[in-house]
file run-v5.cif (mmCIF, C-alpha atoms and all ligand atoms)
data_model
loop_
_atom_site.label_atom_id
_atom_site.label_comp_id
_atom_site.auth_asym_id
_atom_site.auth_seq_id
_atom_site.Cartn_x
_atom_site.Cartn_y
_atom_site.Cartn_z
CA MET A 1 -141.85 33.56 24.82
CA ARG A 2 -143.53 36.42 23.01
CA ALA A 3 -146.87 37.87 23.87
CA PRO A 4 -149.48 37.28 21.22
CA GLY A 5 -149.63 40.23 18.90
CA GLY A 6 -147.08 42.10 20.90
CA ASN A 7 -143.85 41.25 19.24
CA ARG A 8 -143.55 44.04 16.73
CA PHE A 9 -141.98 47.39 17.29
CA ARG A 10 -144.50 50.15 17.30
CA PRO A 11 -142.82 53.49 17.84
CA VAL A 12 -144.72 55.76 20.19
CA GLU A 13 -144.82 59.47 19.55
CA ASP A 14 -141.58 60.40 21.29
CA GLU A 15 -139.63 57.71 19.53
CA ALA A 16 -141.09 58.40 16.13
CA THR A 17 -139.91 61.98 16.17
CA GLY A 18 -136.68 61.64 18.04
CA SER A 19 -133.74 61.05 15.78
CA GLY A 20 -131.09 62.79 17.76
CA GLY A 21 -130.43 65.75 19.98
CA GLY A 22 -132.58 65.53 23.05
CA THR A 23 -131.91 66.42 26.62
CA ASP A 24 -128.62 66.94 28.34
CA GLY A 25 -127.50 67.35 31.86
CA LEU A 26 -128.09 64.14 33.79
CA ASP A 27 -125.40 65.42 36.09
CA GLN A 28 -125.06 63.12 39.05
CA GLY A 29 -121.97 64.71 40.49
CA SER A 30 -119.23 62.07 40.15
CA ARG A 31 -115.78 63.65 40.55
CA GLU A 32 -114.12 61.21 38.18
CA PRO A 33 -115.56 61.54 34.69
CA ILE A 34 -114.75 58.62 32.42
CA ALA A 35 -114.63 60.69 29.22
CA THR A 36 -112.47 63.77 29.05
CA GLY A 37 -114.24 65.35 26.09
CA ARG A 38 -110.89 66.00 24.39
CA LEU A 39 -110.55 65.04 20.77
CA ALA A 40 -108.38 62.00 20.12
CA PRO A 41 -105.76 62.12 17.39
CA GLY A 42 -107.37 61.30 14.05
CA THR A 43 -110.83 62.47 15.10
CA PRO A 44 -112.41 64.50 12.29
CA SER A 45 -111.59 68.16 12.87
CA ASP A 46 -115.09 69.19 11.77
CA PRO A 47 -117.50 66.72 13.43
CA VAL A 48 -120.59 68.37 11.95
CA GLY A 49 -119.22 68.56 8.43
CA ALA A 50 -117.96 64.97 8.70
CA ALA A 51 -121.42 63.80 9.77
CA ASP A 52 -123.01 65.71 6.88
CA ARG A 53 -120.66 64.05 4.43
CA LEU A 54 -121.30 60.66 6.02
CA ARG A 55 -125.06 61.19 5.65
CA ALA A 56 -124.76 62.21 2.01
CA GLU A 57 -122.38 59.41 1.08
CA THR A 58 -124.28 56.71 2.99
CA SER A 59 -127.60 57.87 1.48
CA ARG A 60 -126.13 57.67 -2.00
CA ARG A 61 -124.74 54.18 -1.41
CA ILE A 62 -128.02 52.95 0.06
CA VAL A 63 -129.97 54.34 -2.91
CA ASP A 64 -127.52 52.61 -5.25
CA ALA A 65 -127.93 49.33 -3.35
CA LEU A 66 -131.74 49.55 -3.43
CA ALA A 67 -131.62 50.24 -7.16
CA GLY A 68 -130.41 46.66 -7.60
CA ALA A 69 -133.79 45.30 -6.44
CA PRO A 70 -135.86 43.60 -9.17
CA SER A 71 -138.63 46.19 -8.84
CA PRO A 72 -139.29 49.40 -6.93
CA GLY A 73 -140.85 48.55 -3.60
CA ALA A 74 -139.54 44.98 -3.63
CA VAL A 75 -137.51 45.80 -0.53
CA ALA A 76 -139.50 46.96 2.48
CA ASP A 77 -138.69 47.54 6.12
CA VAL A 78 -134.93 47.14 6.43
CA TYR A 79 -133.93 47.64 10.06
CA VAL A 80 -130.19 48.19 10.27
CA GLY A 81 -129.11 47.64 13.86
CA TRP A 82 -125.97 46.07 15.23
CA VAL A 83 -127.34 42.51 15.13
CA ALA A 84 -128.21 42.79 11.42
CA ALA A 85 -124.85 44.39 10.67
CA ARG A 86 -122.99 41.63 12.49
CA ASP A 87 -125.01 38.89 10.79
CA ALA A 88 -124.60 40.35 7.31
CA ALA A 89 -120.85 40.76 7.86
CA THR A 90 -120.17 37.35 9.40
CA CYS A 91 -122.49 35.10 7.36
CA PRO A 92 -124.46 36.81 4.58
CA ALA A 93 -126.33 33.58 3.85
CA ARG A 94 -127.68 33.50 7.37
CA TYR A 95 -128.80 37.14 7.25
CA ARG A 96 -130.55 36.66 3.91
CA GLY A 97 -132.37 33.64 5.29
CA GLU A 98 -133.73 35.45 8.34
CA GLY A 99 -136.93 36.57 6.63
CA GLU A 100 -139.16 39.38 7.77
CA HIS A 101 -138.30 39.02 11.46
CA GLY A 102 -134.59 39.39 10.73
CA TRP A 103 -134.81 42.08 8.07
CA GLY A 104 -137.12 44.40 9.93
CA PHE A 105 -137.11 45.00 13.67
CA PRO A 106 -137.10 41.45 15.03
CA GLY A 107 -139.66 42.15 17.74
CA TRP A 108 -139.12 42.20 21.47
CA SER A 109 -137.94 39.11 23.25
CA PRO A 110 -136.29 38.73 26.67
CA PRO A 111 -132.69 38.84 25.36
CA LEU A 112 -133.43 41.82 23.13
CA ALA A 113 -135.61 43.69 25.63
CA GLY A 114 -133.20 43.31 28.56
CA GLY A 115 -131.13 46.37 27.79
CA ALA A 116 -134.13 48.49 26.78
CA CYS A 117 -135.95 47.58 29.99
CA GLY A 118 -132.83 48.19 32.08
CA ARG A 119 -132.41 51.65 30.57
CA ALA A 120 -136.10 52.48 30.93
CA ALA A 121 -136.11 51.35 34.56
CA LEU A 122 -132.99 53.38 35.34
CA ALA A 123 -134.44 56.45 33.59
CA HIS A 124 -137.64 55.98 35.59
CA HIS A 125 -135.71 55.61 38.84
CA ILE A 126 -133.86 58.88 38.18
CA ALA A 127 -136.95 60.72 36.95
CA GLN A 128 -138.86 59.72 40.09
CA ALA A 129 -136.11 61.14 42.27
CA ASP A 130 -136.02 64.33 40.17
CA ARG A 131 -139.76 64.75 40.58
CA ALA A 132 -139.39 64.31 44.33
CA GLY A 133 -136.59 66.89 44.38
CA ARG A 134 -133.98 64.56 45.82
CA PRO A 135 -130.86 62.89 44.45
CA PRO A 136 -131.46 59.37 43.20
CA THR A 137 -130.38 56.57 45.47
CA LEU A 138 -128.30 53.66 44.26
CA PRO A 139 -130.85 51.49 42.42
CA MET A 140 -131.30 47.90 43.55
CA PRO A 141 -131.51 46.21 40.13
CA LEU A 142 -134.48 43.87 40.48
CA ASP A 143 -136.37 46.31 42.72
CA ALA A 144 -135.91 49.07 40.14
CA ILE A 145 -137.10 46.81 37.32
CA ARG A 146 -140.16 45.72 39.31
CA ALA A 147 -140.98 49.31 40.30
CA TRP A 148 -140.85 50.38 36.64
CA MET A 149 -143.02 47.45 35.54
CA ARG A 150 -145.58 48.19 38.26
CA ALA A 151 -145.61 51.87 37.30
CA LEU A 152 -146.27 50.89 33.67
CA ARG A 153 -149.31 48.96 34.78
CA THR A 154 -150.75 51.84 36.76
CA ARG A 155 -149.84 54.72 34.45
CA ASP A 156 -153.40 55.16 33.20
CA GLY A 157 -154.21 56.60 36.58
CA ALA A 158 -151.39 59.12 36.34
CA ALA A 159 -153.50 61.74 34.63
CA GLU A 160 -155.87 61.70 37.58
CA GLY A 161 -153.02 62.11 39.99
CA ARG A 162 -153.44 58.70 41.57
CA THR A 163 -150.01 57.42 40.63
CA PRO A 164 -146.66 58.91 39.62
CA PRO A 165 -146.34 59.26 35.84
CA VAL A 166 -144.28 56.79 33.87
CA GLU A 167 -143.04 57.52 30.40
CA ARG A 168 -144.29 55.60 27.38
CA SER A 169 -141.97 53.52 25.26
CA GLY A 170 -142.25 50.71 22.73
CA VAL A 171 -140.73 48.21 25.10
CA GLY A 172 -142.99 49.45 27.91
CA ASP A 173 -146.05 48.83 25.74
CA TRP A 174 -144.75 45.33 25.02
CA ILE A 175 -144.28 44.66 28.73
CA CYS A 176 -147.90 45.68 29.34
CA GLU A 177 -149.06 43.31 26.60
CA VAL A 178 -147.03 40.45 28.07
CA TRP A 179 -148.48 41.22 31.47
CA ASP A 180 -152.04 41.32 30.11
CA ALA A 181 -151.40 37.97 28.42
CA GLY A 182 -150.46 36.49 31.80
CA ASP A 183 -147.06 35.42 30.48
CA SER A 184 -145.23 35.47 33.79
CA ALA A 185 -142.38 33.34 32.45
CA THR A 186 -141.49 36.01 29.88
CA LEU A 187 -141.81 38.77 32.48
CA ALA A 188 -139.45 36.91 34.80
CA ALA A 189 -136.96 36.32 31.99
CA VAL A 190 -137.04 39.98 30.97
CA ALA A 191 -136.61 41.11 34.59
CA ALA A 192 -133.62 38.81 35.04
CA VAL A 193 -131.81 40.11 31.92
CA ALA A 194 -132.77 43.72 32.63
CA GLY A 195 -131.58 43.37 36.23
CA ARG A 196 -128.22 42.06 35.02
CA TRP A 197 -127.98 44.95 32.56
CA LEU A 198 -128.75 47.53 35.25
CA ALA A 199 -126.40 45.99 37.82
CA GLY A 200 -123.56 45.84 35.30
CA PHE A 201 -124.17 49.36 34.00
CA VAL A 202 -124.03 50.89 37.45
CA ARG A 203 -121.10 48.71 38.41
CA VAL A 204 -118.98 49.71 35.43
CA LEU A 205 -119.92 53.39 35.22
CA GLY A 206 -120.10 53.96 38.97
CA TRP A 207 -122.63 55.62 41.19
CA PRO A 208 -123.43 58.46 41.23
CA LEU A 209 -123.33 58.22 37.46
CA PRO A 210 -120.57 60.26 35.78
CA PRO A 211 -121.13 63.96 35.15
CA ARG A 212 -122.82 64.81 31.85
CA LEU A 213 -124.03 61.25 31.32
CA THR A 214 -127.33 61.04 29.47
CA LEU A 215 -129.14 57.77 28.91
CA VAL A 216 -130.15 57.28 25.28
CA ASN A 217 -132.68 54.98 23.67
CA ALA A 218 -134.74 55.31 26.85
CA PRO A 219 -137.95 57.21 27.63
CA GLY A 220 -138.51 60.14 29.93
CA PRO A 221 -137.07 63.52 30.86
CA ALA A 222 -133.77 62.02 32.02
CA ALA A 223 -132.95 60.45 28.67
CA VAL A 224 -132.86 60.85 24.89
CA SER A 225 -135.68 58.78 23.49
CA SER A 226 -134.06 57.21 20.46
CA LEU A 227 -131.20 57.45 18.01
CA TRP A 228 -132.11 56.51 14.50
CA TRP A 229 -131.70 57.84 10.99
CA ARG A 230 -133.37 57.37 7.64
CA PRO A 231 -131.67 58.13 4.33
CA GLY A 232 -134.89 59.73 3.06
CA LYS A 233 -138.53 60.15 4.04
CA ALA A 234 -139.74 57.38 1.74
CA SER A 235 -136.78 55.08 2.30
CA PRO A 236 -137.52 51.59 3.65
CA VAL A 237 -134.21 51.72 5.56
CA THR A 238 -133.91 52.64 9.24
CA VAL A 239 -130.45 52.80 10.78
CA ALA A 240 -130.63 52.41 14.56
CA CYS A 241 -127.77 53.32 16.88
CA GLY A 242 -127.77 50.94 19.85
CA ALA A 243 -125.82 53.13 22.29
CA ASP A 244 -127.02 53.07 25.89
CA ALA A 245 -125.76 56.48 26.97
CA ARG A 246 -123.84 59.53 25.95
CA LEU A 247 -121.03 61.15 27.91
CA GLY A 248 -120.75 64.87 27.30
CA ARG A 249 -122.94 67.40 25.58
CA VAL A 250 -123.54 67.39 21.85
CA THR A 251 -121.95 70.50 20.44
CA GLY A 252 -120.49 71.38 17.08
CA ALA A 253 -117.05 70.64 18.47
CA GLY A 254 -117.95 66.96 19.00
CA GLY A 255 -115.85 65.26 21.66
CA PHE A 256 -118.73 63.42 23.34
CA ALA A 257 -118.60 59.64 23.79
CA LEU A 258 -121.24 57.04 23.04
CA VAL A 259 -121.49 54.35 25.71
CA VAL A 260 -122.30 50.80 24.61
CA HIS A 261 -122.89 48.51 27.56
CA ARG A 262 -122.99 44.73 27.19
CA VAL A 263 -124.28 42.38 29.87
CA ALA A 264 -121.56 39.89 28.92
CA THR A 265 -118.18 40.82 27.49
CA GLY A 266 -118.45 38.38 24.57
CA ASP A 267 -116.11 38.20 21.62
CA ASP A 268 -113.30 40.74 21.79
CA GLY A 269 -112.80 40.39 18.06
CA ALA A 270 -116.18 42.04 17.50
CA LEU A 271 -115.35 45.08 19.63
CA TRP A 272 -113.88 47.09 16.78
CA ASP A 273 -116.79 46.29 14.49
CA ARG A 274 -119.28 47.20 17.19
CA ALA A 275 -117.57 50.53 17.85
CA ALA A 276 -117.44 51.24 14.11
CA PHE A 277 -121.12 50.48 13.60
CA GLU A 278 -122.33 52.50 16.60
CA ALA A 279 -120.04 55.44 15.79
CA ALA A 280 -121.36 55.65 12.24
CA ALA A 281 -124.99 55.06 13.24
CA GLY A 282 -124.65 57.62 16.04
CA ALA A 283 -123.11 60.21 13.72
CA LEU A 284 -125.90 59.65 11.19
CA ALA A 285 -128.60 59.98 13.87
CA ILE A 286 -127.13 62.90 15.81
CA GLY A 287 -125.58 64.84 12.95
CA VAL A 288 -122.28 65.18 14.81
CA VAL A 289 -119.46 62.63 14.83
CA PRO A 290 -118.76 61.37 18.37
CA GLY A 291 -115.24 61.64 19.69
CA SER A 292 -115.12 58.06 20.94
CA VAL A 293 -117.10 54.96 21.73
CA LEU A 294 -116.85 53.53 25.24
CA LEU A 295 -117.61 49.80 25.31
CA THR A 296 -118.27 48.26 28.70
CA GLY A 297 -118.83 44.71 29.91
CA GLY A 298 -121.02 44.09 32.93
CA ASP A 299 -119.59 40.68 33.77
CA THR A 300 -115.91 41.66 33.79
CA GLY A 301 -116.17 45.39 34.49
CA GLU A 302 -114.26 45.96 31.25
CA ARG A 303 -114.10 49.48 29.76
CA VAL A 304 -112.59 50.00 26.33
CA THR A 305 -112.50 53.43 24.72
CA ILE A 306 -112.14 53.45 20.95
CA PRO A 307 -111.48 56.86 19.36
CA VAL A 308 -113.59 57.66 16.32
CA ASP A 309 -111.59 58.51 13.23
CA ASP A 310 -112.28 58.50 9.51
CA ASP A 311 -111.31 54.85 9.14
CA LEU A 312 -113.68 53.75 11.90
CA LEU A 313 -116.54 55.75 10.35
CA ALA A 314 -115.82 54.25 6.94
CA LEU A 315 -115.92 50.73 8.38
CA GLY A 316 -119.20 51.50 10.14
CA ALA A 317 -120.73 52.88 6.94
CA ASP A 318 -119.61 49.77 5.05
CA ARG A 319 -121.36 47.58 7.62
CA ILE A 320 -124.58 49.61 7.27
CA VAL A 321 -124.61 49.55 3.48
CA ALA A 322 -123.78 45.82 3.45
CA VAL A 323 -127.01 45.07 5.33
CA VAL A 324 -129.07 46.85 2.66
CA ALA A 325 -127.12 45.18 -0.15
CA GLU A 326 -127.71 41.70 1.32
CA ARG A 327 -131.37 42.49 1.84
CA VAL A 328 -131.65 43.34 -1.86
CA VAL A 329 -129.91 40.08 -2.82
CA ALA A 330 -132.33 38.22 -0.56
CA VAL A 331 -135.29 39.29 -2.72
CA GLU A 332 -134.30 36.87 -5.45
CA ARG A 333 -131.83 34.55 -3.80
CA GLY A 334 -133.11 34.11 -0.27
CA PHE A 335 -131.12 31.61 1.78
CA ASP A 336 -128.27 30.23 -0.32
CA PRO A 337 -125.55 28.21 1.41
CA ALA A 338 -123.19 28.81 -1.52
CA ASP A 339 -121.56 31.69 0.31
CA ALA A 340 -122.28 30.52 3.87
CA THR A 341 -119.48 31.42 6.25
CA PRO A 342 -119.24 28.97 9.16
CA SER A 343 -118.26 30.16 12.62
CA GLY A 344 -119.31 29.65 16.22
CA ALA A 345 -122.64 31.18 15.20
CA CYS A 346 -123.48 27.88 13.46
CA ARG A 347 -124.18 26.37 16.89
CA HIS A 348 -127.26 28.55 17.24
CA CYS A 349 -128.23 29.03 13.59
CA ASP A 350 -131.77 28.19 12.47
CA HIS A 351 -130.45 27.27 9.00
CA LEU A 352 -127.96 24.64 10.12
CA ALA A 353 -130.16 21.77 8.87
CA ASP A 354 -130.07 23.24 5.34
CA CYS A 355 -126.46 24.36 5.34
CA PRO A 356 -123.76 21.84 4.28
CA PRO A 357 -120.85 24.23 5.07
CA GLY A 358 -122.22 24.81 8.56
CA GLN A 359 -122.78 21.10 9.13
CA ALA A 360 -119.24 20.30 7.98
CA TRP A 361 -117.88 22.90 10.37
CA MET A 362 -119.91 21.44 13.22
CA ARG A 363 -118.64 17.91 12.56
CA VAL A 364 -115.11 18.90 13.53
CA ALA A 365 -114.20 17.74 17.03
CA GLU A 366 -114.75 20.29 19.81
CA ARG A 367 -117.20 22.27 17.70
CA TRP A 368 -120.17 20.56 19.26
CA ARG A 369 -122.92 22.61 20.81
CA SER A 370 -121.22 24.36 23.70
CA GLY A 371 -119.24 21.21 24.43
CA LEU A 372 -122.21 18.88 24.08
CA PRO A 373 -122.53 16.44 21.18
CA VAL A 374 -125.16 16.97 18.50
CA LEU A 375 -127.77 14.26 19.10
S1 LIG A 401 -125.12 27.20 9.71
FE1 LIG A 401 -123.33 28.57 9.92
S2 LIG A 401 -122.55 28.81 7.85
FE2 LIG A 401 -124.63 28.01 7.69
S3 LIG A 401 -125.93 29.81 7.46
FE3 LIG A 401 -125.87 29.32 9.64
S4 LIG A 401 -124.18 30.59 10.44
FE4 LIG A 401 -123.93 30.53 8.22
#

call {"tool": "encode", "arguments": {"input": "run-v5.cif", "output": "structure tokens", "more": "lines below"}}
Ligand code: SF4
result
Amino acid sequence: MRAPGGNRFRPVEDEATGSGGGTDGLDQGSREPIATGRLAPGTPSDPVGAADRLRAETSRRIVDALAGAPSPGAVADVYVGWVAARDAATCPARYRGEGEHGWGFPGWSPPLAGGACGRAALAHHIAQADRAGRPPTLPMPLDAIRAWMRALRTRDGAAEGRTPPVERSGVGDWICEVWDAGDSATLAAVAAVAGRWLAGFVRVLGWPLPPRLTLVNAPGPAAVSSLWWRPGKASPVTVACGADARLGRVTGAGGFALVVHRVATGDDGALWDRAAFEAAAGALAIGVVPGSVLLTGGDTGERVTIPVDDDLLALGADRIVAVVAERVVAVERGFDPADATPSGACRHCDHLADCPPGQAWMRVAERWRSGLPVL
């Protein structure tokens, strides 16, 4: 379901230069802020110094891990996002077997693009209202997604004043390519996931959006374009924070929260890991340790706030470094079921046919594919 030639991430100018900071003040006037901005017990007392130390220590560990490669340059394009961190932590064999699409940015697809499109559409909806000098109305999810997609298609006329401007983004460029390819099935799938993301986000966070909420990893004047960090200019490693929004301003005192919204609540056991990864990735990208991570679930309305302390940051850094270490091992070893770690992920794993531990796990009663027998 990918558009030909359009499945690779190509940062546009804003994204390529934006590794933190950005705009503040998407103040929509809610009287009941979700985050208080107060520091939780155990939060580093010096959020800037703690982020500096995290950057230095994580850089050193990544350099050490890369030094284990058989030759300089043998490891290229390591994209360390939450999916890679989860895969490397839960089944290293699976991560190593992913190949270029799993080690670098995997390319846009409807499940992956849903959140990015939802954020971009919401940012566009708010920016349009700002330009018109009026408060944004409650967005109707599918209408907002369609309006953003239509605006993407007509943005070339913006410079001539024929249409309202729409902000460029990598996922927006991909949507245009899919559209040009006539792949209406992919467009419909993206719109459905993005609509669910947007509906759940507004449902859980409320409307008007909370005071001092800023969308992140989204284009336009109402958002921060991207949160990523590299250990060095020439490093093949990019650490990407997948937060959807930030609550509170970034100051040297910290105290702001990163918001991670999930369309479906999923596995509660992964919540802590997710918070740890995003807290560390966010601290690396922003240069200030967040006070907490707010995880939300669109299907249940769940909101879980996890304070960021030294232990959480250390766990997040371990997850980041583990991805690089497994990528280095993959150079020589590739997929090796010797250390495969079966779990529910085996049901959807591309390597199941070559993985005896995974097959043995699947043969146990009630571990069939979502309740259906393997035929
Ligand atoms: S089938 Fe299961 S155990 Fe085997 S590589 Fe895939 S996820 Fe890991």

call {"tool": "residues_near_ligand", "arguments": {"input": "run-v5.cif", "ligand": "ligand LIG 401 (chain A)", "cutoff": "6 Å", "atoms": "only C-alpha atoms and all ligand atoms", "output": "count of residues only"}}
result
15

call {"tool": "closest_residue", "arguments": {"input": "run-v5.cif", "among": "A:Gly206, A:Pro290, A:Gly282, A:Gly133", "to": "A:Ala257", "atoms": "only C-alpha atoms"}}
result
A:Pro290

call {"tool": "atom_distance", "arguments": {"input": "run-v5.cif", "atom1": "atom CA of A:Ile320", "atom2": "atom CA of A:Gly252"}}
result
24.2 Å

call {"tool": "residues_around", "arguments": {"input": "run-v5.cif", "residues": "A:Val308", "least_positions_apart": "3", "cutoff": "12 Å", "atoms": "all atoms listed in the file", "output": "number ranges by chain"}}
result
A: 38-45, 47, 50-51, 254-258, 272-280, 282-283, 288-294, 305, 311-316

call {"tool": "closest_residue", "arguments": {"input": "run-v5.cif", "among": "A:Ala151, A:Ile306, A:Ala76, A:Val193", "to": "A:His124", "atoms": "only C-alpha atoms"}}
result
A:Ala151

call {"tool": "closest_residue", "arguments": {"input": "run-v5.cif", "among": "A:Arg363, A:Lys233, A:Arg203, A:Arg86", "to": "A:Thr296", "atoms": "only C-alpha atoms"}}
result
A:Arg203

call {"tool": "atom_distance", "arguments": {"input": "run-v5.cif", "atom1": "atom CA of A:Ser109", "atom2": "atom CA of A:Cys176"}}
result
13.4 Å

call {"tool": "atom_distance", "arguments": {"input": "run-v5.cif", "atom1": "atom CA of A:Leu198", "atom2": "atom CA of A:Ala285"}}
result
24.7 Å

call {"tool": "residues_near_point", "arguments": {"input": "run-v5.cif", "point": "(-126.8, 61.3, 19.3)", "cutoff": "9 Å", "atoms": "only C-alpha atoms", "output": "PyMOL selection string"}}
result
chain A and resi 19-22+216+224+226-228+241+243+246+250+258+281-290

call {"tool": "closest_residue", "arguments": {"input": "run-v5.cif", "among": "A:Arg262, A:Glu100, A:Ala240, A:Glu177", "to": "A:Val75", "atoms": "all atoms listed in the file"}}
result
A:Glu100

call {"tool": "closest_residue", "arguments": {"input": "run-v5.cif", "among": "A:Met362, A:Ile126, A:Leu152, A:Ile175", "to": "A:Ala191", "atoms": "only C-alpha atoms"}}
result
A:Ile175

call {"tool": "closest_residue", "arguments": {"input": "run-v5.cif", "among": "A:Gly232, A:Pro139, A:Gly298, A:Gly102", "to": "A:Gly81", "atoms": "all atoms listed in the file"}}
result
A:Gly102

call {"tool": "residues_around", "arguments": {"input": "run-v5.cif", "residues": "A:Met149", "least_positions_apart": "5", "cutoff": "10 Å", "atoms": "only C-alpha atoms", "output": "NGL selection string"}}
result
:A and (117 or 120-121 or 143-144 or 154 or 166 or 172 or 175-176 or 179 or 187 or 191)

call {"tool": "residues_around", "arguments": {"input": "run-v5.cif", "residues": "A:Gly115", "least_positions_apart": "2", "cutoff": "6 Å", "atoms": "all atoms listed in the file", "output": "PDB file with C-alpha atoms, keeping the file's coordinate frame"}}
result
ATOM      1  CA  ALA A 113    -135.610  43.690  25.630  1.00  0.00           C
ATOM      2  CA  CYS A 117    -135.950  47.580  29.990  1.00  0.00           C
ATOM      3  CA  GLY A 118    -132.830  48.190  32.080  1.00  0.00           C
ATOM      4  CA  ALA A 194    -132.770  43.720  32.630  1.00  0.00           C
ATOM      5  CA  TRP A 197    -127.980  44.950  32.560  1.00  0.00           C
TER       6      TRP A 197
END

call {"tool": "residues_around", "arguments": {"input": "run-v5.cif", "residues": "A:Glu302", "least_positions_apart": "5", "cutoff": "9 Å", "atoms": "all atoms listed in the file", "output": "PyMOL selection string"}}
result
chain A and resi 204+265+295-297
